[in-house]
>>> print(open('protein-v8.csv').read())   # CSV, C-alpha atoms
chain,number,residue,atom,x,y,z
D,244,MET,CA,0.0,0.0,0.0
D,245,SER,CA,1.3,3.5,-0.8
D,246,SER,CA,0.6,6.3,1.6
D,247,VAL,CA,-2.9,7.8,1.0
D,248,ARG,CA,-4.7,10.5,3.0
D,249,ILE,CA,-8.3,11.5,3.4
D,250,GLY,CA,-9.2,13.9,0.6
D,251,ASP,CA,-6.7,12.4,-1.9
D,252,ARG,CA,-7.8,11.3,-5.3
D,253,VAL,CA,-7.0,7.6,-5.2
D,254,VAL,CA,-7.3,4.4,-7.1
D,255,VAL,CA,-8.1,1.3,-5.0
D,256,ARG,CA,-7.6,-2.1,-6.4
D,257,ARG,CA,-10.4,-4.4,-5.2
D,258,ALA,CA,-10.4,-8.2,-5.2
D,259,ALA,CA,-13.4,-9.2,-7.3
D,260,GLY,CA,-13.4,-13.0,-6.8
D,261,ILE,CA,-12.1,-16.1,-8.6
D,262,ILE,CA,-13.0,-16.4,-12.2
D,263,ASP,CA,-11.8,-19.4,-14.3
D,264,GLY,CA,-9.4,-20.3,-11.5
D,265,ARG,CA,-7.8,-16.9,-11.4
D,266,GLN,CA,-8.1,-14.0,-8.9
D,267,ARG,CA,-9.7,-11.0,-10.7
D,268,TYR,CA,-9.6,-7.3,-9.7
D,269,THR,CA,-11.4,-4.1,-10.3
D,270,ASP,CA,-10.3,-0.5,-9.8
D,271,VAL,CA,-12.2,2.2,-8.0
D,272,LEU,CA,-11.2,5.8,-8.7
D,273,GLY,CA,-12.3,8.8,-6.8
D,274,GLU,CA,-11.9,10.9,-3.6
D,275,LEU,CA,-10.9,9.0,-0.4
D,276,LEU,CA,-13.5,9.9,2.3
D,277,ASP,CA,-12.6,7.4,5.0
D,278,ASP,CA,-9.9,4.7,5.6
D,279,SER,CA,-11.1,3.2,8.8
D,280,GLY,CA,-11.9,-0.5,8.4
D,281,GLY,CA,-11.5,-0.3,4.6
D,282,TYR,CA,-11.7,2.5,2.1
D,283,THR,CA,-14.7,4.7,1.4
D,284,VAL,CA,-14.4,6.5,-2.0
D,285,ARG,CA,-16.6,9.0,-3.8
D,286,ARG,CA,-16.4,8.1,-7.4
D,287,ASP,CA,-16.3,10.6,-10.2
D,288,ASP,CA,-20.0,10.0,-10.9
D,289,GLY,CA,-20.8,10.9,-7.3
D,290,GLU,CA,-21.5,7.3,-6.1
D,291,VAL,CA,-20.0,6.5,-2.7
D,292,VAL,CA,-18.4,3.1,-2.5
D,293,THR,CA,-17.1,1.3,0.6
D,294,ILE,CA,-14.5,-1.4,0.0
D,295,PRO,CA,-14.0,-3.7,3.0
D,296,ALA,CA,-10.4,-4.0,4.2
D,297,ALA,CA,-10.3,-7.8,3.2
D,298,GLU,CA,-11.1,-6.9,-0.4
D,299,VAL,CA,-8.4,-4.2,-0.8
D,300,ALA,CA,-5.4,-5.4,-2.7
D,301,ALA,CA,-3.7,-2.1,-3.2
D,302,ALA,CA,-4.3,1.7,-3.0
D,303,LYS,CA,-2.4,4.7,-4.2
D,304,ALA,CA,-2.8,8.4,-4.6
D,305,ILE,CA,-3.1,9.7,-8.1
D,306,PRO,CA,-3.0,13.2,-9.6
D,307,PRO,CA,-6.2,15.3,-9.2
D,308,LYS,CA,-8.7,15.1,-12.1
D,309,PRO,CA,-8.0,18.0,-14.5
D,310,THR,CA,-10.4,20.9,-14.1
D,311,PRO,CA,-12.4,21.3,-17.4
D,312,PHE,CA,-11.7,24.5,-19.2
D,313,SER,CA,-15.4,25.4,-19.1
D,314,ALA,CA,-15.2,25.3,-15.3
D,315,ILE,CA,-12.2,27.5,-15.2
D,316,ILE,CA,-13.9,30.1,-17.4
D,317,ALA,CA,-17.0,30.0,-15.2
D,318,VAL,CA,-15.1,30.6,-12.0
D,319,GLU,CA,-12.9,33.3,-13.5
D,320,ARG,CA,-16.0,35.1,-14.9
D,321,GLY,CA,-17.5,34.9,-11.4
D,322,CYS,CA,-14.4,36.2,-9.8
D,323,ALA,CA,-14.3,39.1,-12.3
D,324,ASP,CA,-18.0,39.9,-11.8
D,325,THR,CA,-17.5,40.1,-8.0
D,326,TRP,CA,-14.4,42.3,-8.3
D,327,PRO,CA,-15.6,44.8,-11.0
D,328,ALA,CA,-13.0,47.1,-12.3
D,329,PRO,CA,-14.3,50.7,-12.9
D,330,GLU,CA,-13.2,50.4,-16.5
D,331,GLN,CA,-13.7,47.2,-18.5
D,332,GLU,CA,-13.5,46.5,-22.2
D,333,TRP,CA,-13.5,43.2,-24.2
D,334,LEU,CA,-11.0,42.5,-26.9
D,335,GLY,CA,-12.3,39.2,-28.3
D,336,ASP,CA,-12.3,36.9,-25.3
D,337,TRP,CA,-9.8,39.1,-23.4
D,338,LEU,CA,-11.2,41.3,-20.6
D,339,LEU,CA,-9.2,44.5,-20.2
D,340,ARG,CA,-9.6,46.0,-16.7
D,341,ALA,CA,-8.5,49.3,-15.2
D,342,GLY,CA,-9.0,50.6,-11.7
D,343,SER,CA,-6.5,53.4,-11.1
D,344,GLY,CA,-3.9,50.9,-10.1
D,345,TRP,CA,-5.7,49.6,-7.0
D,346,THR,CA,-5.1,45.8,-6.9
D,347,TYR,CA,-3.6,43.7,-9.6
D,348,ARG,CA,-6.9,41.9,-10.4
D,349,ALA,CA,-8.6,45.1,-11.3
D,350,ASN,CA,-5.7,46.4,-13.5
D,351,SER,CA,-4.8,43.4,-15.7
D,352,VAL,CA,-6.1,41.6,-18.7
D,353,LEU,CA,-8.1,38.4,-18.1
D,354,PRO,CA,-7.6,36.2,-21.1
D,355,LEU,CA,-10.5,33.6,-21.4
D,356,GLY,CA,-9.9,32.7,-25.0
D,357,GLU,CA,-8.6,34.3,-28.1
D,358,PRO,CA,-8.4,38.1,-28.7
D,359,GLY,CA,-9.6,37.9,-32.4
D,360,LEU,CA,-6.2,39.3,-33.6
D,361,ASP,CA,-2.7,37.9,-34.0
D,362,LEU,CA,-0.8,38.1,-30.8
D,363,ASP,CA,1.5,41.0,-31.7
D,364,ALA,CA,-1.5,43.1,-32.8
D,365,ALA,CA,-3.4,42.2,-29.7
D,366,LEU,CA,-0.5,43.1,-27.4
D,367,ALA,CA,-0.1,46.4,-29.2
D,368,LYS,CA,-3.8,47.2,-28.5
D,369,VAL,CA,-3.4,46.2,-24.8
D,370,THR,CA,-0.4,48.4,-24.4
D,371,ASP,CA,-2.1,51.4,-26.0
D,372,TRP,CA,-5.3,50.8,-23.8
D,373,TYR,CA,-3.3,50.8,-20.6
D,374,THR,CA,-0.9,53.6,-21.6
D,375,ALA,CA,-4.0,55.8,-22.2
D,376,ARG,CA,-4.9,55.2,-18.6
D,377,ALA,CA,-1.4,55.8,-17.2
D,378,LEU,CA,-1.0,52.2,-16.3
D,379,ALA,CA,1.5,49.5,-17.3
D,380,PRO,CA,0.0,46.6,-19.2
D,381,ALA,CA,-0.4,43.3,-17.3
D,382,PHE,CA,-2.0,39.9,-17.6
D,383,ALA,CA,-3.6,37.5,-15.1
D,384,VAL,CA,-3.4,34.3,-17.1
D,385,PRO,CA,-5.5,31.3,-15.9
D,386,VAL,CA,-3.7,28.0,-16.4
D,387,PRO,CA,-3.9,25.5,-17.9
D,388,LEU,CA,-6.7,27.4,-19.8
D,389,SER,CA,-4.3,30.0,-21.4
D,390,ARG,CA,-1.0,28.2,-20.9
D,391,ARG,CA,0.0,28.8,-24.5
D,392,LEU,CA,-0.4,32.6,-24.0
D,393,ALA,CA,1.7,32.4,-20.8
D,394,THR,CA,4.4,30.6,-22.7
D,395,ALA,CA,4.3,33.1,-25.6
D,396,LEU,CA,4.5,36.1,-23.2
D,397,THR,CA,7.4,34.5,-21.3
D,398,ARG,CA,9.3,33.9,-24.5
D,399,ARG,CA,8.8,37.6,-25.3
D,400,GLY,CA,10.5,38.5,-22.0
D,401,TRP,CA,7.4,39.1,-19.9
D,402,ARG,CA,8.1,38.5,-16.1
D,403,SER,CA,5.9,36.5,-13.7
D,404,ASP,CA,5.3,36.7,-10.0
D,405,ALA,CA,4.3,33.8,-7.7
D,406,PRO,CA,1.1,32.2,-9.1
D,407,VAL,CA,-2.3,32.7,-7.4
D,408,GLU,CA,-4.2,29.7,-6.2
D,409,VAL,CA,-8.0,29.8,-7.0
D,410,MET,CA,-9.5,27.6,-4.4
D,411,THR,CA,-13.1,26.4,-4.0
D,412,ALA,CA,-15.1,24.5,-1.4
D,413,PRO,CA,-18.8,23.5,-0.9
D,414,LEU,CA,-20.4,26.4,1.0
D,415,SER,CA,-21.6,23.9,3.6
D,416,ALA,CA,-18.0,23.1,4.6
D,417,LEU,CA,-17.7,26.6,6.0
D,418,SER,CA,-20.6,26.3,8.5
D,419,GLY,CA,-19.6,27.0,12.1
D,420,GLU,CA,-19.7,29.4,15.0
D,421,ALA,CA,-20.5,32.9,13.8
D,422,ALA,CA,-22.4,34.4,16.7
D,423,GLU,CA,-20.3,37.6,16.8
D,424,VAL,CA,-20.6,38.3,13.1
D,425,THR,CA,-22.9,40.9,11.5
D,426,VAL,CA,-23.3,41.0,7.8
D,427,THR,CA,-24.6,44.2,6.2
D,428,ASP,CA,-25.2,45.3,2.6
D,429,LYS,CA,-23.3,48.6,2.9
D,430,PRO,CA,-19.8,49.0,4.3
D,431,GLY,CA,-19.0,51.8,6.8
D,432,GLU,CA,-15.8,53.9,7.0
D,433,GLU,CA,-14.2,51.6,9.6
D,434,TRP,CA,-14.8,48.6,7.4
D,435,PHE,CA,-13.2,50.3,4.4
D,436,ALA,CA,-10.2,51.3,6.4
D,437,MET,CA,-9.6,47.8,7.8
D,438,ALA,CA,-10.3,46.0,4.6
D,439,THR,CA,-8.0,48.2,2.6
D,440,GLY,CA,-5.1,48.0,5.0
D,441,GLY,CA,-5.6,51.0,7.2
D,442,TYR,CA,-5.4,53.8,4.6
D,443,ASP,CA,-5.8,57.3,6.0
D,444,ARG,CA,-7.8,57.9,2.9
D,445,VAL,CA,-9.5,55.0,1.2
D,446,PRO,CA,-8.8,55.1,-2.6
D,447,ASP,CA,-11.8,55.9,-4.7
D,448,ALA,CA,-11.1,52.9,-6.8
D,449,ALA,CA,-11.3,50.7,-3.7
D,450,ARG,CA,-14.7,52.1,-2.8
D,451,ALA,CA,-15.9,51.4,-6.4
D,452,ILE,CA,-14.5,47.9,-6.6
D,453,LEU,CA,-15.4,46.7,-3.1
D,454,GLY,CA,-18.7,48.5,-2.8
D,455,SER,CA,-20.4,48.2,-6.2
D,456,GLY,CA,-22.7,45.5,-7.4
D,457,ASP,CA,-25.6,43.5,-6.1
D,458,ASP,CA,-25.4,40.6,-3.7
D,459,ARG,CA,-22.5,42.0,-1.7
D,460,GLY,CA,-22.1,41.3,2.0
D,461,PHE,CA,-19.8,43.1,4.4
D,462,ALA,CA,-19.0,41.2,7.6
D,463,GLU,CA,-17.9,42.7,10.9
D,464,ILE,CA,-17.0,41.6,14.4
D,465,ARG,CA,-17.1,44.3,17.0
D,466,ARG,CA,-16.2,44.2,20.7
D,467,ASP,CA,-17.0,47.1,22.9
D,468,GLY,CA,-18.0,49.0,19.8
D,469,ARG,CA,-14.5,48.5,18.1
D,470,LEU,CA,-14.2,46.8,14.8
D,471,ILE,CA,-11.8,43.9,15.2
D,472,ALA,CA,-12.4,41.7,12.2
D,473,CYS,CA,-14.0,42.1,8.8
D,474,GLY,CA,-14.6,40.3,5.5
D,475,ARG,CA,-16.4,40.6,2.1
D,476,GLY,CA,-18.6,38.2,0.3
D,477,ALA,CA,-19.8,38.7,-3.3
D,478,ILE,CA,-22.1,36.4,-5.3
D,479,SER,CA,-22.1,35.6,-9.0
D,480,GLY,CA,-24.5,32.8,-9.9
D,481,GLY,CA,-24.0,30.1,-7.3
D,482,LEU,CA,-20.4,31.2,-6.6
D,483,ALA,CA,-19.6,33.2,-3.4
D,484,VAL,CA,-16.2,34.8,-3.6
D,485,LEU,CA,-14.8,35.6,-0.2
D,486,SER,CA,-12.1,38.2,0.3
D,487,ARG,CA,-10.7,40.9,2.5
D,488,ILE,CA,-10.7,38.7,5.6
D,489,GLU,CA,-8.9,40.9,8.1
D,490,VAL,CA,-8.4,40.5,11.9
D,491,ASP,CA,-6.9,43.2,14.2
D,492,THR,CA,-3.4,42.2,15.3
D,493,SER,CA,-4.4,42.4,19.0
D,494,VAL,CA,-7.0,39.6,18.7
D,495,ARG,CA,-5.4,37.2,16.2
D,496,ARG,CA,-5.3,33.4,16.8
D,497,GLN,CA,-8.8,33.4,18.4
D,498,GLY,CA,-10.6,32.0,15.4
D,499,LEU,CA,-12.1,35.3,14.3
D,500,GLY,CA,-11.2,34.8,10.7
D,501,ARG,CA,-13.0,31.5,10.7
D,502,GLN,CA,-16.0,33.2,12.3
D,503,VAL,CA,-16.1,35.8,9.6
D,504,MET,CA,-16.0,33.2,6.9
D,505,ALA,CA,-18.7,31.2,8.5
D,506,GLY,CA,-20.9,34.3,8.8
D,507,LEU,CA,-20.3,35.1,5.1
D,508,ALA,CA,-21.1,31.5,4.2
D,509,ALA,CA,-24.4,31.6,6.0
D,510,TRP,CA,-25.2,34.9,4.4
D,511,ALA,CA,-24.3,33.5,0.9
D,512,GLY,CA,-26.3,30.3,1.5
D,513,ASP,CA,-29.4,32.4,2.2
D,514,ARG,CA,-28.9,33.8,-1.3
D,515,ASP,CA,-28.7,30.4,-3.0
D,516,ALA,CA,-25.0,30.2,-3.4
D,517,ASP,CA,-23.5,26.7,-3.1
D,518,THR,CA,-19.8,27.1,-3.7
D,519,ALA,CA,-17.2,29.3,-1.9
D,520,CYS,CA,-14.1,30.7,-3.6
D,521,VAL,CA,-10.9,32.3,-2.4
D,522,GLN,CA,-7.8,33.5,-4.2
D,523,VAL,CA,-4.4,33.3,-2.4
D,524,VAL,CA,-0.8,33.8,-3.5
D,525,SER,CA,0.9,30.4,-3.6
D,526,THR,CA,3.7,31.6,-1.3
D,527,ASN,CA,1.2,32.4,1.5
D,528,GLY,CA,1.6,29.1,3.3
D,529,VAL,CA,-0.3,30.2,6.4
D,530,ALA,CA,-3.4,31.1,4.4
D,531,LEU,CA,-3.2,28.0,2.2
D,532,ALA,CA,-3.1,25.8,5.3
D,533,LEU,CA,-6.1,27.5,6.8
D,534,TYR,CA,-8.2,27.3,3.7
D,535,GLU,CA,-7.3,23.6,3.3
D,536,LYS,CA,-8.4,22.9,6.8
D,537,LEU,CA,-11.7,24.6,6.0
D,538,GLY,CA,-12.2,22.3,3.1
D,539,PHE,CA,-10.9,24.3,0.1
D,540,THR,CA,-9.1,22.6,-2.7
D,541,VAL,CA,-7.2,24.2,-5.6
D,542,HIS,CA,-9.6,24.6,-8.6
D,543,HIS,CA,-6.9,26.2,-10.8
D,544,ARG,CA,-4.3,28.9,-10.7
D,545,TYR,CA,-3.4,32.1,-12.6
D,546,VAL,CA,-0.1,33.7,-13.3
D,547,ASN,CA,0.6,37.4,-13.2
D,548,LEU,CA,2.7,38.6,-16.1
D,549,VAL,CA,4.2,42.1,-16.7
D,550,PRO,CA,6.3,43.4,-19.7
D,551,PRO,CA,10.1,43.1,-19.7
D,552,LEU,CA,12.0,45.9,-18.1
D,553,ALA,CA,12.9,48.7,-20.6
>>> encode(input="protein-v8.csv", output="structure tokens")
Amino acid sequence: MSSVRIGDRVVVRRAAGIIDGRQRYTDVLGELLDDSGGYTVRRDDGEVVTIPAAEVAAAKAIPPKPTPFSAIIAVERGCADTWPAPEQEWLGDWLLRAGSGWTYRANSVLPLGEPGLDLDAALAKVTDWYTARALAPAFAVPVPLSRRLATALTRRGWRSDAPVEVMTAPLSALSGEAAEVTVTDKPGEEWFAMATGGYDRVPDAARAILGSGDDRGFAEIRRDGRLIACGRGAISGGLAVLSRIEVDTSVRRQGLGRQVMAGLAAWAGDRDADTACVQVVSTNGVALALYEKLGFTVHHRYVNLVPPLA
């Protein structure tokens, strides 16, 4: 037996009896749900199968099932809808976004297909569009959906940062204690200040991006009237994108971040969302570990790319 863990995608070889004098086997593929007294596996078709220990001949972890491109596009569109740049324009299937430089996501091209032009012409249009707004051109390239584009840009000298993990989880996995959480449909000044990193003056672009749109929830935890934790939920279809989960340094390691997420999950569930989504830089090990404990798995990732230095 190779080492397998709960949550792994596995293949379990099952003894299927003696046929024509020979031991026969069948394979069961899917997510390992339980390994006590055998193996319980959720197959790709959703069926849950329990294989008694006496029938298990072997088991090993296998790579995750590739995420369909259509699912990547759906999640990326949902994330873009819930983080709306003040200026947006489509170039074929590339979404050009500008927000006065506030956050990378709101100031980069999201390529979800082809631009309708050859690459050099498309890049020239992108450069002109961002230059007209006093911004440097940039891309947020979902992979593997647009891997060829990422490769082409890299060959042209474009530079990349650490990739961003786009993680999803069933909304029900985030249920938990949220007695201290209040979720409103309009953020106050303290919320904006905490959610944007304590700016003395909250950028206008931040107000537009965070505060605009329908189905927005702004979570707060207050003690003695003081805001000590906050978060934002935004819904697109059945997807609830959670962001800006912040906890005051004086009260960290008390589970307040989890409370905020549970409160936002309850709020989103009341609005018929069924899937939660977060985006986190791959080098942020603390956040990744927390989200994995909460039931999130990597759906796909995107790579940030900027032009070569002049």
>>> closest_residue(input="protein-v8.csv", among="D:Thr411, D:Ala436, D:Ala259, D:Gly342", to="Ala377 in chain D", atoms="all atoms listed in the file")
D:Gly342
>>> atom_distance(input="protein-v8.csv", atom1="CA of Leu272 in chain D", atom2="CA of Val284 in chain D")
7.5 Å
>>> closest_residue(input="protein-v8.csv", among="D:Ile478, D:Ile305, D:Ala516, D:Val292", to="Arg252 in chain D", atoms="only C-alpha atoms")
D:Ile305
>>> atom_distance(input="protein-v8.csv", atom1="CA of Gly280 in chain D", atom2="CA of Ile294 in chain D")
8.8 Å
>>> residues_around(input="protein-v8.csv", residues="range 309-319 of chain D", least_positions_apart="3", cutoff="10 Å", atoms="all atoms listed in the file", output="ChimeraX atom specification")
/D:306,322-325,353-356,385-389,409-411,479-480,482,484,520,541-545
>>> atom_distance(input="protein-v8.csv", atom1="CA of Ser486 in chain D", atom2="CA of Gln522 in chain D")
7.8 Å
>>> residues_around(input="protein-v8.csv", residues="Thr526 in chain D", least_positions_apart="6", cutoff="10 Å", atoms="all atoms listed in the file", output="mmCIF file with C-alpha atoms, in the frame of the given file")
data_model
loop_
_atom_site.group_PDB
_atom_site.id
_atom_site.type_symbol
_atom_site.label_atom_id
_atom_site.label_comp_id
_atom_site.auth_asym_id
_atom_site.auth_seq_id
_atom_site.Cartn_x
_atom_site.Cartn_y
_atom_site.Cartn_z
ATOM 1 C CA ALA D 405 4.300 33.800 -7.700
ATOM 2 C CA PRO D 406 1.100 32.200 -9.100
ATOM 3 C CA VAL D 407 -2.300 32.700 -7.400
ATOM 4 C CA GLU D 408 -4.200 29.700 -6.200
#
>>> closest_residue(input="protein-v8.csv", among="D:Leu362, D:Val524, D:Ala416, D:Val253", to="Ala395 in chain D", atoms="all atoms listed in the file")
D:Leu362
>>> closest_residue(input="protein-v8.csv", among="D:Gly460, D:Pro295, D:Gly359, D:Gly344", to="Pro380 in chain D", atoms="only C-alpha atoms")
D:Gly344
>>> residues_around(input="protein-v8.csv", residues="range 468-476 of chain D", least_positions_apart="5", cutoff="9 Å", atoms="only C-alpha atoms", output="PDB file with C-alpha atoms, in the frame of the given file")
ATOM      1  CA  THR D 325     -17.500  40.100  -8.000  1.00  0.00           C
ATOM      2  CA  VAL D 424     -20.600  38.300  13.100  1.00  0.00           C
ATOM      3  CA  VAL D 426     -23.300  41.000   7.800  1.00  0.00           C
ATOM      4  CA  GLU D 433     -14.200  51.600   9.600  1.00  0.00           C
ATOM      5  CA  TRP D 434     -14.800  48.600   7.400  1.00  0.00           C
ATOM      6  CA  MET D 437      -9.600  47.800   7.800  1.00  0.00           C
ATOM      7  CA  ALA D 438     -10.300  46.000   4.600  1.00  0.00           C
ATOM      8  CA  LEU D 453     -15.400  46.700  -3.100  1.00  0.00           C
ATOM      9  CA  ASP D 458     -25.400  40.600  -3.700  1.00  0.00           C
ATOM     10  CA  ARG D 459     -22.500  42.000  -1.700  1.00  0.00           C
ATOM     11  CA  GLY D 460     -22.100  41.300   2.000  1.00  0.00           C
ATOM     12  CA  PHE D 461     -19.800  43.100   4.400  1.00  0.00           C
ATOM     13  CA  ALA D 462     -19.000  41.200   7.600  1.00  0.00           C
ATOM     14  CA  GLU D 463     -17.900  42.700  10.900  1.00  0.00           C
ATOM     15  CA  ALA D 483     -19.600  33.200  -3.400  1.00  0.00           C
ATOM     16  CA  VAL D 484     -16.200  34.800  -3.600  1.00  0.00           C
ATOM     17  CA  LEU D 485     -14.800  35.600  -0.200  1.00  0.00           C
ATOM     18  CA  SER D 486     -12.100  38.200   0.300  1.00  0.00           C
ATOM     19  CA  ARG D 487     -10.700  40.900   2.500  1.00  0.00           C
ATOM     20  CA  ILE D 488     -10.700  38.700   5.600  1.00  0.00           C
ATOM     21  CA  GLU D 489      -8.900  40.900   8.100  1.00  0.00           C
ATOM     22  CA  VAL D 490      -8.400  40.500  11.900  1.00  0.00           C
ATOM     23  CA  ASP D 491      -6.900  43.200  14.200  1.00  0.00           C
ATOM     24  CA  THR D 492      -3.400  42.200  15.300  1.00  0.00           C
ATOM     25  CA  SER D 493      -4.400  42.400  19.000  1.00  0.00           C
ATOM     26  CA  VAL D 494      -7.000  39.600  18.700  1.00  0.00           C
ATOM     27  CA  LEU D 499     -12.100  35.300  14.300  1.00  0.00           C
ATOM     28  CA  GLY D 500     -11.200  34.800  10.700  1.00  0.00           C
ATOM     29  CA  VAL D 503     -16.100  35.800   9.600  1.00  0.00           C
ATOM     30  CA  MET D 504     -16.000  33.200   6.900  1.00  0.00           C
ATOM     31  CA  LEU D 507     -20.300  35.100   5.100  1.00  0.00           C
ATOM     32  CA  ALA D 508     -21.100  31.500   4.200  1.00  0.00           C
ATOM     33  CA  TRP D 510     -25.200  34.900   4.400  1.00  0.00           C
ATOM     34  CA  ALA D 511     -24.300  33.500   0.900  1.00  0.00           C
TER      35      ALA D 511
END
>>> closest_residue(input="protein-v8.csv", among="D:Asp428, D:Asp447, D:Asp404, D:Asp513", to="Pro550 in chain D", atoms="only C-alpha atoms")
D:Asp404
>>> closest_residue(input="protein-v8.csv", among="D:Ile452, D:Ala412, D:Ile262, D:Ala381", to="Val546 in chain D", atoms="all atoms listed in the file")
D:Ala381
>>> residues_around(input="protein-v8.csv", residues="Ser246 in chain D", least_positions_apart="2", cutoff="10 Å", atoms="only C-alpha atoms", output="list of chain:residue names")
D:Met244, D:Arg248, D:Ala302, D:Lys303, D:Ala304
>>> residues_around(input="protein-v8.csv", residues="Thr293 in chain D", least_positions_apart="4", cutoff="8 Å", atoms="only C-alpha atoms", output="list in words")
Gly281, Tyr282, Thr283 and Val284 of chain D
>>> write_last_selection(input="protein-v8.csv", atoms="C-alpha atoms", output="JSON list (two decimals), in the frame of the given file")
[["chain", "number", "residue", "atom", "x", "y", "z"],
["D", 281, "GLY", "CA", -11.50, -0.30, 4.60],
["D", 282, "TYR", "CA", -11.70, 2.50, 2.10],
["D", 283, "THR", "CA", -14.70, 4.70, 1.40],
["D", 284, "VAL", "CA", -14.40, 6.50, -2.00]]
>>> build_atoms(input="protein-v8.csv", residues="range 345-351 of chain D", atoms="all heavy atoms", output="CSV table (one decimal), keeping the file's coordinate frame")
chain,number,residue,atom,x,y,z
D,345,TRP,N,-5.4,50.2,-8.3
D,345,TRP,CA,-5.7,49.6,-7.0
D,345,TRP,C,-6.0,48.1,-7.3
D,345,TRP,O,-7.0,47.7,-7.9
D,345,TRP,CB,-6.9,50.2,-6.3
D,345,TRP,CG,-7.0,49.8,-4.9
D,345,TRP,CD1,-6.2,50.2,-3.8
D,345,TRP,CD2,-7.9,48.8,-4.4
D,345,TRP,NE1,-6.6,49.5,-2.7
D,345,TRP,CE2,-7.6,48.7,-3.0
D,345,TRP,CE3,-8.9,48.0,-4.9
D,345,TRP,CZ2,-8.3,47.8,-2.2
D,345,TRP,CZ3,-9.6,47.1,-4.1
D,345,TRP,CH2,-9.3,47.0,-2.8
D,346,THR,N,-5.2,47.2,-6.8
D,346,THR,CA,-5.1,45.8,-6.9
D,346,THR,C,-4.8,45.3,-8.3
D,346,THR,O,-5.2,45.9,-9.3
D,346,THR,CB,-6.4,45.1,-6.4
D,346,THR,OG1,-7.5,45.3,-7.4
D,346,THR,CG2,-6.8,45.6,-5.1
D,347,TYR,N,-4.1,44.2,-8.3
D,347,TYR,CA,-3.6,43.7,-9.6
D,347,TYR,C,-4.8,43.2,-10.4
D,347,TYR,O,-4.9,43.3,-11.6
D,347,TYR,CB,-2.6,42.5,-9.4
D,347,TYR,CG,-1.9,42.1,-10.6
D,347,TYR,CD1,-0.6,42.6,-10.9
D,347,TYR,CD2,-2.5,41.2,-11.5
D,347,TYR,CE1,0.1,42.2,-12.0
D,347,TYR,CE2,-1.8,40.8,-12.6
D,347,TYR,CZ,-0.5,41.3,-12.9
D,347,TYR,OH,0.1,40.9,-14.0
D,348,ARG,N,-5.8,42.5,-9.7
D,348,ARG,CA,-6.9,41.9,-10.4
D,348,ARG,C,-7.7,42.9,-11.2
D,348,ARG,O,-8.3,42.6,-12.2
D,348,ARG,CB,-7.8,41.2,-9.4
D,348,ARG,CG,-7.5,39.8,-9.1
D,348,ARG,CD,-8.4,39.2,-8.1
D,348,ARG,NE,-8.2,39.5,-6.8
D,348,ARG,CZ,-9.0,39.3,-5.8
D,348,ARG,NH1,-10.2,38.8,-6.0
D,348,ARG,NH2,-8.7,39.7,-4.5
D,349,ALA,N,-7.8,44.1,-10.7
D,349,ALA,CA,-8.6,45.1,-11.3
D,349,ALA,C,-7.8,46.0,-12.3
D,349,ALA,O,-8.4,46.9,-13.0
D,349,ALA,CB,-9.2,46.1,-10.3
D,350,ASN,N,-6.6,45.6,-12.6
D,350,ASN,CA,-5.7,46.4,-13.5
D,350,ASN,C,-4.9,45.4,-14.3
D,350,ASN,O,-3.7,45.6,-14.5
D,350,ASN,CB,-4.8,47.3,-12.7
D,350,ASN,CG,-5.6,48.4,-11.9
D,350,ASN,OD1,-5.9,49.4,-12.5
D,350,ASN,ND2,-6.0,48.1,-10.7
D,351,SER,N,-5.5,44.4,-14.9
D,351,SER,CA,-4.8,43.4,-15.7
D,351,SER,C,-5.8,42.9,-16.7
D,351,SER,O,-7.0,42.9,-16.5
D,351,SER,CB,-4.2,42.3,-14.8
D,351,SER,OG,-5.3,41.7,-14.1
